[in-house]
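Visitor: File coords_37.txt follows (compact mmCIF, C-alpha atoms):
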# COMPACT_ATOMS: atom_id res chain seq x y z
CA PRO A 1394 7.87 -7.62 -12.89
CA THR A 1395 6.28 -10.87 -13.92
CA THR A 1396 3.15 -11.47 -11.89
CA ASN A 1397 0.12 -13.71 -11.86
CA CYS A 1398 -2.19 -10.92 -10.82
CA LYS A 1399 -5.82 -10.84 -11.73
CA VAL A 1400 -7.10 -7.50 -13.00
CA LYS A 1401 -8.92 -5.41 -10.45
CA ASP A 1402 -11.90 -4.44 -12.58
CA ARG A 1403 -14.94 -2.21 -12.09
CA HIS A 1404 -16.71 -4.94 -10.09
CA PHE A 1405 -13.75 -5.24 -7.70
CA TRP A 1406 -13.69 -1.49 -7.08
CA SER A 1407 -17.49 -1.13 -6.95
CA GLU A 1408 -17.40 -3.28 -3.79
CA PHE A 1409 -14.57 -1.21 -2.28
CA ARG A 1410 -16.60 0.65 0.33
CA LYS A 1411 -18.81 -2.33 1.18
CA ARG A 1412 -16.06 -4.69 2.34
CA PRO A 1413 -12.88 -4.69 4.40
CA ILE A 1414 -10.20 -2.53 2.79
CA THR A 1415 -6.70 -4.01 2.79
CA ILE A 1416 -3.57 -1.89 2.90
CA LEU A 1417 -0.33 -3.77 2.31
CA TYR A 1418 3.34 -3.13 3.03
CA ALA A 1419 6.08 -5.57 1.99
CA GLY A 1420 9.75 -4.99 2.66
CA LYS A 1421 12.34 -4.62 5.36
CA LEU A 1422 11.11 -3.51 8.75
CA ILE A 1423 13.53 -0.61 9.12
CA GLU A 1424 13.05 2.97 10.29
CA ARG A 1425 13.39 4.72 6.91
CA LYS A 1426 10.38 2.76 5.59
CA HIS A 1427 8.10 4.67 8.04
CA ILE A 1428 5.70 1.79 8.60
CA ASP A 1429 4.72 3.40 11.91
CA TRP A 1430 3.28 6.34 9.96
CA ILE A 1431 0.75 3.99 8.35
CA ILE A 1432 -0.20 2.52 11.73
CA GLU A 1433 -0.68 6.02 13.16
CA CYS A 1434 -2.87 7.02 10.19
CA LEU A 1435 -5.06 3.95 10.72
CA SER A 1436 -5.46 4.91 14.36
CA ARG A 1437 -6.54 8.43 13.41
CA MET A 1438 -9.03 7.15 10.83
CA ASN A 1439 -10.59 4.82 13.41
CA ASP A 1440 -12.34 2.74 10.76
CA PRO A 1441 -12.72 -0.97 11.64
CA ARG A 1442 -13.00 -1.89 7.92
CA LEU A 1443 -9.33 -1.03 7.42
CA GLN A 1444 -6.92 -3.95 7.56
CA PHE A 1445 -3.16 -3.41 7.36
CA ARG A 1446 -0.92 -6.34 6.46
CA ILE A 1447 2.82 -5.87 7.04
CA ILE A 1448 5.17 -8.41 5.43
CA GLY A 1449 8.82 -8.50 6.37
CA ASN A 1450 11.53 -8.84 8.96
CA GLY A 1451 13.96 -6.36 10.40
CA GLU A 1452 15.22 -4.35 13.32
CA GLN A 1453 11.89 -2.53 13.85
CA ARG A 1454 9.75 -5.63 14.35
CA THR A 1455 9.57 -5.28 18.16
CA PHE A 1456 8.94 -1.53 17.85
CA LEU A 1457 6.09 -2.14 15.38
CA GLU A 1458 4.57 -4.85 17.57
CA GLN A 1459 4.51 -2.37 20.46
CA THR A 1460 3.15 0.43 18.24
CA ILE A 1461 0.26 -1.82 17.19
CA ILE A 1462 -0.51 -2.52 20.85
CA ASP A 1463 -0.16 1.15 21.83
CA TYR A 1464 -2.68 2.19 19.18
CA ASP A 1465 -4.99 -0.72 20.07
CA LEU A 1466 -4.93 -2.04 16.50
CA LYS A 1467 -4.22 -5.74 17.08
CA LYS A 1468 -7.49 -6.64 15.32
CA GLN A 1469 -6.65 -4.53 12.26
CA VAL A 1470 -2.91 -4.88 11.80
CA THR A 1471 -1.25 -8.20 10.97
CA LEU A 1472 2.52 -8.50 11.13
CA LEU A 1473 3.69 -11.35 8.89
CA PRO A 1474 7.23 -12.69 8.45
CA GLU A 1475 9.24 -12.30 5.28
CA MET A 1476 7.83 -14.56 2.57
CA SER A 1477 8.57 -15.72 -0.96
CA ARG A 1478 7.96 -13.41 -3.88
CA SER A 1479 5.05 -15.57 -5.09
CA ASN A 1480 3.39 -15.35 -1.67
CA VAL A 1481 3.86 -11.57 -1.62
CA ILE A 1482 2.23 -11.42 -5.07
CA ASN A 1483 -0.70 -13.43 -3.69
CA GLU A 1484 -1.06 -10.83 -0.92
CA MET A 1485 -0.98 -8.05 -3.54
CA VAL A 1486 -3.72 -9.75 -5.54
CA ASN A 1487 -6.01 -9.41 -2.53
CA ALA A 1488 -4.87 -5.94 -1.40
CA ASP A 1489 -6.52 -2.67 -2.35
CA ILE A 1490 -3.71 -0.27 -1.48
CA PHE A 1491 0.04 -0.77 -1.40
CA CYS A 1492 1.83 1.75 0.79
CA MET A 1493 5.56 2.23 1.28
CA PRO A 1494 6.31 5.81 2.39
CA SER A 1495 10.02 5.19 2.48
CA THR A 1496 12.89 7.67 2.34
CA GLY A 1497 16.34 6.94 0.98
CA GLU A 1498 14.78 4.58 -1.57
CA THR A 1499 16.69 3.94 -4.79
CA PHE A 1500 13.90 2.32 -6.80
CA GLY A 1501 11.92 -0.52 -5.26
CA LEU A 1502 10.70 -3.37 -7.45
CA VAL A 1503 7.93 -4.04 -4.92
CA TYR A 1504 6.14 -0.84 -6.03
CA LEU A 1505 6.02 -2.13 -9.61
CA GLU A 1506 4.78 -5.52 -8.50
CA ALA A 1507 1.96 -3.86 -6.54
CA MET A 1508 1.11 -1.66 -9.52
CA ALA A 1509 1.10 -4.68 -11.86
CA CYS A 1510 -1.46 -6.21 -9.47
CA GLY A 1511 -3.66 -3.13 -9.76
CA CYS A 1512 -3.12 -1.85 -6.22
CA ILE A 1513 -3.54 1.85 -5.61
CA THR A 1514 0.13 2.47 -4.86
CA ILE A 1515 1.54 5.15 -2.56
CA GLY A 1516 5.20 6.11 -2.72
CA THR A 1517 7.30 9.06 -1.60
CA LYS A 1518 8.09 12.22 -3.57
CA HIS A 1519 11.73 12.79 -4.52
CA GLU A 1520 12.65 9.14 -4.05
CA GLY A 1521 13.48 6.45 -6.62
CA ILE A 1522 9.88 5.64 -7.55
CA ASP A 1523 8.60 9.15 -8.24
CA GLY A 1524 9.73 8.95 -11.85
CA VAL A 1525 7.49 5.90 -12.32
CA ILE A 1526 4.49 6.80 -10.16
CA ARG A 1527 2.81 9.81 -11.73
CA ASP A 1528 1.01 11.44 -8.81
CA GLY A 1529 -2.75 11.25 -9.17
CA GLU A 1530 -2.54 9.27 -12.40
CA ASN A 1531 -1.14 5.75 -11.84
CA GLY A 1532 -0.54 6.08 -8.10
CA LEU A 1533 -0.02 8.69 -5.42
CA LEU A 1534 3.05 10.37 -3.96
CA ILE A 1535 3.41 11.84 -0.49
CA SER A 1536 6.12 13.82 1.26
CA GLY A 1537 5.49 13.10 4.93
CA ARG A 1538 3.29 11.67 7.66
CA GLU A 1539 0.49 14.25 7.41
CA GLU A 1540 0.30 13.92 3.63
CA LEU A 1541 0.17 10.14 3.99
CA CYS A 1542 -2.86 10.35 6.29
CA SER A 1543 -4.61 12.76 3.90
CA CYS A 1544 -3.75 10.51 0.95
CA LEU A 1545 -5.17 7.39 2.60
CA GLN A 1546 -8.33 9.28 3.59
CA HIS A 1547 -8.68 10.55 0.02
CA ILE A 1548 -8.43 7.05 -1.45
CA ILE A 1549 -10.75 5.43 1.07
CA TYR A 1550 -13.44 8.09 1.39
CA ASP A 1551 -13.23 10.50 -1.56
CA MET A 1552 -12.14 8.77 -4.75
CA THR A 1553 -14.99 7.72 -7.00
CA ILE A 1554 -15.26 4.21 -8.39
CA ASP A 1555 -14.30 5.60 -11.81
CA GLU A 1556 -11.17 7.22 -10.34
CA LEU A 1557 -10.18 4.00 -8.57
CA VAL A 1558 -10.71 1.93 -11.72
CA ASP A 1559 -8.75 4.44 -13.82
CA MET A 1560 -5.80 4.67 -11.41
CA SER A 1561 -5.69 0.88 -10.96
CA SER A 1562 -5.79 0.35 -14.73
CA LYS A 1563 -2.97 2.85 -15.32
CA ALA A 1564 -0.95 1.22 -12.55
CA ILE A 1565 -1.34 -2.16 -14.28
CA ASP A 1566 -0.20 -0.63 -17.58
CA THR A 1567 2.85 0.87 -15.83
CA GLY A 1568 3.67 -2.50 -14.25
CA LYS A 1569 3.52 -4.13 -17.69
CA ASP A 1570 5.87 -1.45 -19.12
CA PHE A 1571 8.49 -2.52 -16.59
CA SER A 1572 8.05 -6.28 -16.97
CA GLU A 1573 11.13 -8.50 -17.07
CA GLU A 1574 10.49 -9.02 -20.79
CA ASN A 1575 10.58 -5.25 -21.44
Output the structure of this file as structure tokens.
Guide:
Amino acid sequence: PTTNCKVKDRHFWSEFRKRPITILYAGKLIERKHIDWIIECLSRMNDPRLQFRIIGNGEQRTFLEQTIIDYDLKKQVTLLPEMSRSNVINEMVNADIFCMPSTGETFGLVYLEAMACGCITIGTKHEGIDGVIRDGENGLLISGREELCSCLQHIIYDMTIDELVDMSSKAIDTGKDFSEEN
């Protein structure tokens, strides 16, 4: 992917636990994307620093709006309409974590765009992206709702600054490997 992302360097990650933490999803709002899993995980973590931005349109929009209300997360979860690729990239530039725990996924260019922007990227094992995301190296892979919650907790509370910088840097390198030019 061609992006205009700024590198998320050591300074960016050193501030990680001192500022709001942004988790981003961009794609269709359909059941197999499991966006509700992310909302449930945020509810369990009960951390007001966590902000979840959902970009997209689809048949689950009303369901997700109600899920946000049910979990009392209206202050932390923002549901945005589908937007241009350049606007999604701008969102990725400001996000810390990109999460799309989808099943039935063939590949997903959006993962690569998030990686090229240095986001800590979470995908699903045994789906189209698990040949590109190397679990624990340039991103993280999960296999279900419980693993997703553990993964998010690990990133937010357990990973060291060095680990965040290293994973973000390797994600950027992976994104470059898959650029339109290459």
Visitor: So which residues touch Ile1554 (chain A) within 10 Å, counting only C-alpha atoms, skipping near sequence neighbours fewer than 6 positions away, as a PyMOL selection string?
Guide: chain A and resi 1403-1410+1560
Visitor: When you count all atoms listed in the file, which of these residues is closest to Cys1542 (chain A): A:Lys1421, A:Lys1563, A:Arg1437, A:Lys1467?
Guide: A:Arg1437
Visitor: Which neighbours of Glu1433 (chain A) fall inside 9 Å, counting all atoms listed in the file, when residues of the same chain fewer than 4 positions from it are skipped, and could you give them as a PDB file with C-alpha atoms, in the frame of the given file?
Guide:
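Dumped to selection.pdb:
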ATOM      1  CA  ILE A1428       5.700   1.790   8.600  1.00  0.00           C
ATOM      2  CA  ASP A1429       4.720   3.400  11.910  1.00  0.00           C
ATOM      3  CA  ARG A1437      -6.540   8.430  13.410  1.00  0.00           C
ATOM      4  CA  MET A1438      -9.030   7.150  10.830  1.00  0.00           C
ATOM      5  CA  THR A1460       3.150   0.430  18.240  1.00  0.00           C
ATOM      6  CA  ILE A1461       0.260  -1.820  17.190  1.00  0.00           C
ATOM      7  CA  TYR A1464      -2.680   2.190  19.180  1.00  0.00           C
ATOM      8  CA  ARG A1538       3.290  11.670   7.660  1.00  0.00           C
ATOM      9  CA  CYS A1542      -2.860  10.350   6.290  1.00  0.00           C
TER      10      CYS A1542
END
Visitor: With distances taken over all atoms listed in the file, which residue among A:Met1485, A:Leu1443, A:Ile1522, A:Val1558 lies nearest Gly1497 (chain A)?
Guide: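 Looking at the shortest contact to Gly1497 (chain A), the residue is A:Ile1522.
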Visitor: Which residues are close to Gly1524 (chain A), i.e. within 12 Å by all atoms listed in the file, leaving aside same-chain residues fewer than 6 positions away? Reply as a list in words.
Guide: Thr1499, Phe1500, Gly1501, Tyr1504, Leu1505, Gly1516, Thr1517, Lys1518, Asn1531, Gly1532, Leu1533, Leu1534 and Thr1567 of chain A
Visitor: Could you save the residues just selected, with C-alpha atoms, as an mmCIF file, keeping the file's coordinate frame?
Guide:
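This went into part-v8.cif:
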data_model
loop_
_atom_site.group_PDB
_atom_site.id
_atom_site.type_symbol
_atom_site.label_atom_id
_atom_site.label_comp_id
_atom_site.auth_asym_id
_atom_site.auth_seq_id
_atom_site.Cartn_x
_atom_site.Cartn_y
_atom_site.Cartn_z
ATOM 1 C CA THR A 1499 16.690 3.940 -4.790
ATOM 2 C CA PHE A 1500 13.900 2.320 -6.800
ATOM 3 C CA GLY A 1501 11.920 -0.520 -5.260
ATOM 4 C CA TYR A 1504 6.140 -0.840 -6.030
ATOM 5 C CA LEU A 1505 6.020 -2.130 -9.610
ATOM 6 C CA GLY A 1516 5.200 6.110 -2.720
ATOM 7 C CA THR A 1517 7.300 9.060 -1.600
ATOM 8 C CA LYS A 1518 8.090 12.220 -3.570
ATOM 9 C CA ASN A 1531 -1.140 5.750 -11.840
ATOM 10 C CA GLY A 1532 -0.540 6.080 -8.100
ATOM 11 C CA LEU A 1533 -0.020 8.690 -5.420
ATOM 12 C CA LEU A 1534 3.050 10.370 -3.960
ATOM 13 C CA THR A 1567 2.850 0.870 -15.830
#
Visitor: Between A:Glu1540, A:Glu1424, A:Glu1475, A:Asp1440, which is the closest to Glu1452 (chain A) once you count all atoms listed in the file?
Guide: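 Closest residue, counting all atoms listed in the file: A:Glu1424.
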Visitor: Check the smallest atom-to-atom distance from each of A:Val1400, A:Gln1444, A:Leu1545, A:Ile1482 to Ala1564 (chain A) using all atoms listed in the file, then report the winner.
Guide: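 Smallest distance to Ala1564 (chain A) is found for A:Val1400.
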Visitor: Pick out the residues sitting within 7 Å of Ala1419 (chain A), and hand them over as a PyMOL selection string; count all atoms listed in the file, and ignore anything fewer than 4 positions along from it in its own chain.
Guide: chain A and resi 1447-1449
Visitor: Taking all atoms listed in the file into account, name the residue in A:Asp1523, A:Ala1507, A:Gln1459, A:Phe1445 that is nearest to Val1486 (chain A).
Guide: A:Ala1507
Visitor: Can you measure CA of Lys1401 (chain A) to CA of Ile1414 (chain A) for me? One decimal in Å is fine.
Guide: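 Taking CA of Lys1401 (chain A) and CA of Ile1414 (chain A), their separation equals 13.6 Å.
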Visitor: Find the residue from A:Gly1529, A:Pro1441, A:Gly1521, A:Gly1511 that sits nearest to Gln1469 (chain A); use all atoms listed in the file when measuring.
Guide: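 For Gln1469 (chain A), the nearest of the candidates is A:Pro1441.
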Visitor: Between CA of Met1508 (chain A) and CA of Glu1556 (chain A), what is the spacing in Å?
Guide: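 So the two atoms, CA of Glu1556 (chain A) and CA of Met1508 (chain A), lie 15.2 Å apart.
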Visitor: How big is the axis-aligned box around all listed atoms of region 1463-1477 of chain A once 8 Å goes on each side, and where's its centre, in Å to one decimal, as JSON?
Guide:
{"center_x": 0.9, "center_y": -6.8, "center_z": 10.4, "size_x": 32.7, "size_y": 33.9, "size_z": 38.8}
Visitor: I want to know what sits within 8 Å of Thr1496 (chain A), based on only C-alpha atoms, with residues of the same chain fewer than 6 positions away left out; could you give that as a ChimeraX atom specification?
Guide: /A:1425-1426,1517,1520
Visitor: Measure the distance from CA of Asp1559 (chain A) to CA of Glu1530 (chain A) in Å and round it to one decimal.
Guide: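 We find that CA of Asp1559 (chain A) and CA of Glu1530 (chain A) lie 8.0 Å from each other.
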Visitor: Could you complete region 1544-1570 of chain A so that it carries N, CA, C and O atoms, and give it back as an mmCIF file, in the frame of the given file?
Guide:
data_model
loop_
_atom_site.group_PDB
_atom_site.id
_atom_site.type_symbol
_atom_site.label_atom_id
_atom_site.label_comp_id
_atom_site.auth_asym_id
_atom_site.auth_seq_id
_atom_site.Cartn_x
_atom_site.Cartn_y
_atom_site.Cartn_z
ATOM 1 N N CYS A 1544 -3.708 11.348 2.155
ATOM 2 C CA CYS A 1544 -3.750 10.510 0.950
ATOM 3 C C CYS A 1544 -4.604 9.269 1.179
ATOM 4 O O CYS A 1544 -5.464 8.930 0.353
ATOM 5 N N LEU A 1545 -4.377 8.584 2.296
ATOM 6 C CA LEU A 1545 -5.170 7.390 2.600
ATOM 7 C C LEU A 1545 -6.651 7.749 2.758
ATOM 8 O O LEU A 1545 -7.523 7.049 2.234
ATOM 9 N N GLN A 1546 -6.943 8.839 3.436
ATOM 10 C CA GLN A 1546 -8.330 9.280 3.590
ATOM 11 C C GLN A 1546 -8.954 9.580 2.230
ATOM 12 O O GLN A 1546 -10.108 9.227 1.973
ATOM 13 N N HIS A 1547 -8.188 10.222 1.359
ATOM 14 C CA HIS A 1547 -8.680 10.550 0.020
ATOM 15 C C HIS A 1547 -9.049 9.289 -0.760
ATOM 16 O O HIS A 1547 -10.134 9.204 -1.356
ATOM 17 N N ILE A 1548 -8.157 8.303 -0.744
ATOM 18 C CA ILE A 1548 -8.430 7.050 -1.450
ATOM 19 C C ILE A 1548 -9.675 6.375 -0.884
ATOM 20 O O ILE A 1548 -10.575 5.970 -1.624
ATOM 21 N N ILE A 1549 -9.721 6.245 0.418
ATOM 22 C CA ILE A 1549 -10.750 5.430 1.070
ATOM 23 C C ILE A 1549 -12.124 6.104 1.077
ATOM 24 O O ILE A 1549 -13.143 5.434 0.918
ATOM 25 N N TYR A 1550 -12.154 7.410 1.215
ATOM 26 C CA TYR A 1550 -13.440 8.090 1.390
ATOM 27 C C TYR A 1550 -13.855 9.009 0.241
ATOM 28 O O TYR A 1550 -15.039 9.291 0.096
ATOM 29 N N ASP A 1551 -12.900 9.474 -0.572
ATOM 30 C CA ASP A 1551 -13.230 10.500 -1.560
ATOM 31 C C ASP A 1551 -13.169 10.059 -3.014
ATOM 32 O O ASP A 1551 -13.910 10.577 -3.840
ATOM 33 N N MET A 1552 -12.275 9.153 -3.342
ATOM 34 C CA MET A 1552 -12.140 8.770 -4.750
ATOM 35 C C MET A 1552 -13.397 8.044 -5.223
ATOM 36 O O MET A 1552 -13.935 7.198 -4.510
ATOM 37 N N THR A 1553 -13.834 8.390 -6.426
ATOM 38 C CA THR A 1553 -14.990 7.720 -7.000
ATOM 39 C C THR A 1553 -14.569 6.354 -7.536
ATOM 40 O O THR A 1553 -13.373 6.093 -7.722
ATOM 41 N N ILE A 1554 -15.549 5.521 -7.805
ATOM 42 C CA ILE A 1554 -15.260 4.210 -8.390
ATOM 43 C C ILE A 1554 -14.531 4.390 -9.713
ATOM 44 O O ILE A 1554 -13.543 3.690 -9.988
ATOM 45 N N ASP A 1555 -14.972 5.348 -10.535
ATOM 46 C CA ASP A 1555 -14.300 5.600 -11.810
ATOM 47 C C ASP A 1555 -12.834 5.990 -11.604
ATOM 48 O O ASP A 1555 -11.962 5.550 -12.355
ATOM 49 N N GLU A 1556 -12.556 6.815 -10.614
ATOM 50 C CA GLU A 1556 -11.170 7.220 -10.340
ATOM 51 C C GLU A 1556 -10.331 6.040 -9.868
ATOM 52 O O GLU A 1556 -9.179 5.892 -10.285
ATOM 53 N N LEU A 1557 -10.898 5.189 -9.031
ATOM 54 C CA LEU A 1557 -10.180 4.000 -8.570
ATOM 55 C C LEU A 1557 -9.889 3.052 -9.724
ATOM 56 O O LEU A 1557 -8.770 2.554 -9.859
ATOM 57 N N VAL A 1558 -10.886 2.811 -10.564
ATOM 58 C CA VAL A 1558 -10.710 1.930 -11.720
ATOM 59 C C VAL A 1558 -9.630 2.489 -12.649
ATOM 60 O O VAL A 1558 -8.744 1.765 -13.106
ATOM 61 N N ASP A 1559 -9.697 3.798 -12.914
ATOM 62 C CA ASP A 1559 -8.750 4.440 -13.820
ATOM 63 C C ASP A 1559 -7.318 4.365 -13.276
ATOM 64 O O ASP A 1559 -6.388 3.988 -13.993
ATOM 65 N N MET A 1560 -7.147 4.696 -11.998
ATOM 66 C CA MET A 1560 -5.800 4.670 -11.410
ATOM 67 C C MET A 1560 -5.262 3.233 -11.374
ATOM 68 O O MET A 1560 -4.100 2.994 -11.690
ATOM 69 N N SER A 1561 -6.093 2.274 -11.010
ATOM 70 C CA SER A 1561 -5.690 0.880 -10.960
ATOM 71 C C SER A 1561 -5.282 0.393 -12.357
ATOM 72 O O SER A 1561 -4.254 -0.270 -12.524
ATOM 73 N N SER A 1562 -6.064 0.742 -13.352
ATOM 74 C CA SER A 1562 -5.790 0.350 -14.730
ATOM 75 C C SER A 1562 -4.460 0.947 -15.219
ATOM 76 O O SER A 1562 -3.644 0.257 -15.848
ATOM 77 N N LYS A 1563 -4.228 2.207 -14.910
ATOM 78 C CA LYS A 1563 -2.970 2.850 -15.320
ATOM 79 C C LYS A 1563 -1.788 2.271 -14.557
ATOM 80 O O LYS A 1563 -0.685 2.178 -15.098
ATOM 81 N N ALA A 1564 -2.014 1.872 -13.317
ATOM 82 C CA ALA A 1564 -0.950 1.220 -12.550
ATOM 83 C C ALA A 1564 -0.578 -0.114 -13.203
ATOM 84 O O ALA A 1564 0.608 -0.433 -13.343
ATOM 85 N N ILE A 1565 -1.588 -0.881 -13.603
ATOM 86 C CA ILE A 1565 -1.340 -2.160 -14.280
ATOM 87 C C ILE A 1565 -0.545 -1.935 -15.556
ATOM 88 O O ILE A 1565 0.432 -2.642 -15.826
ATOM 89 N N ASP A 1566 -0.932 -0.942 -16.348
ATOM 90 C CA ASP A 1566 -0.200 -0.630 -17.580
ATOM 91 C C ASP A 1566 1.259 -0.275 -17.275
ATOM 92 O O ASP A 1566 2.174 -0.703 -17.982
ATOM 93 N N THR A 1567 1.486 0.506 -16.219
ATOM 94 C CA THR A 1567 2.850 0.870 -15.830
ATOM 95 C C THR A 1567 3.624 -0.381 -15.434
ATOM 96 O O THR A 1567 4.778 -0.554 -15.837
ATOM 97 N N GLY A 1568 3.012 -1.250 -14.650
ATOM 98 C CA GLY A 1568 3.670 -2.500 -14.250
ATOM 99 C C GLY A 1568 4.073 -3.326 -15.453
ATOM 100 O O GLY A 1568 5.169 -3.910 -15.477
ATOM 101 N N LYS A 1569 3.215 -3.370 -16.466
ATOM 102 C CA LYS A 1569 3.520 -4.130 -17.690
ATOM 103 C C LYS A 1569 4.698 -3.494 -18.439
ATOM 104 O O LYS A 1569 5.531 -4.194 -19.011
ATOM 105 N N ASP A 1570 4.767 -2.147 -18.448
ATOM 106 C CA ASP A 1570 5.870 -1.450 -19.120
ATOM 107 C C ASP A 1570 7.226 -1.829 -18.558
ATOM 108 O O ASP A 1570 8.232 -1.804 -19.240
#
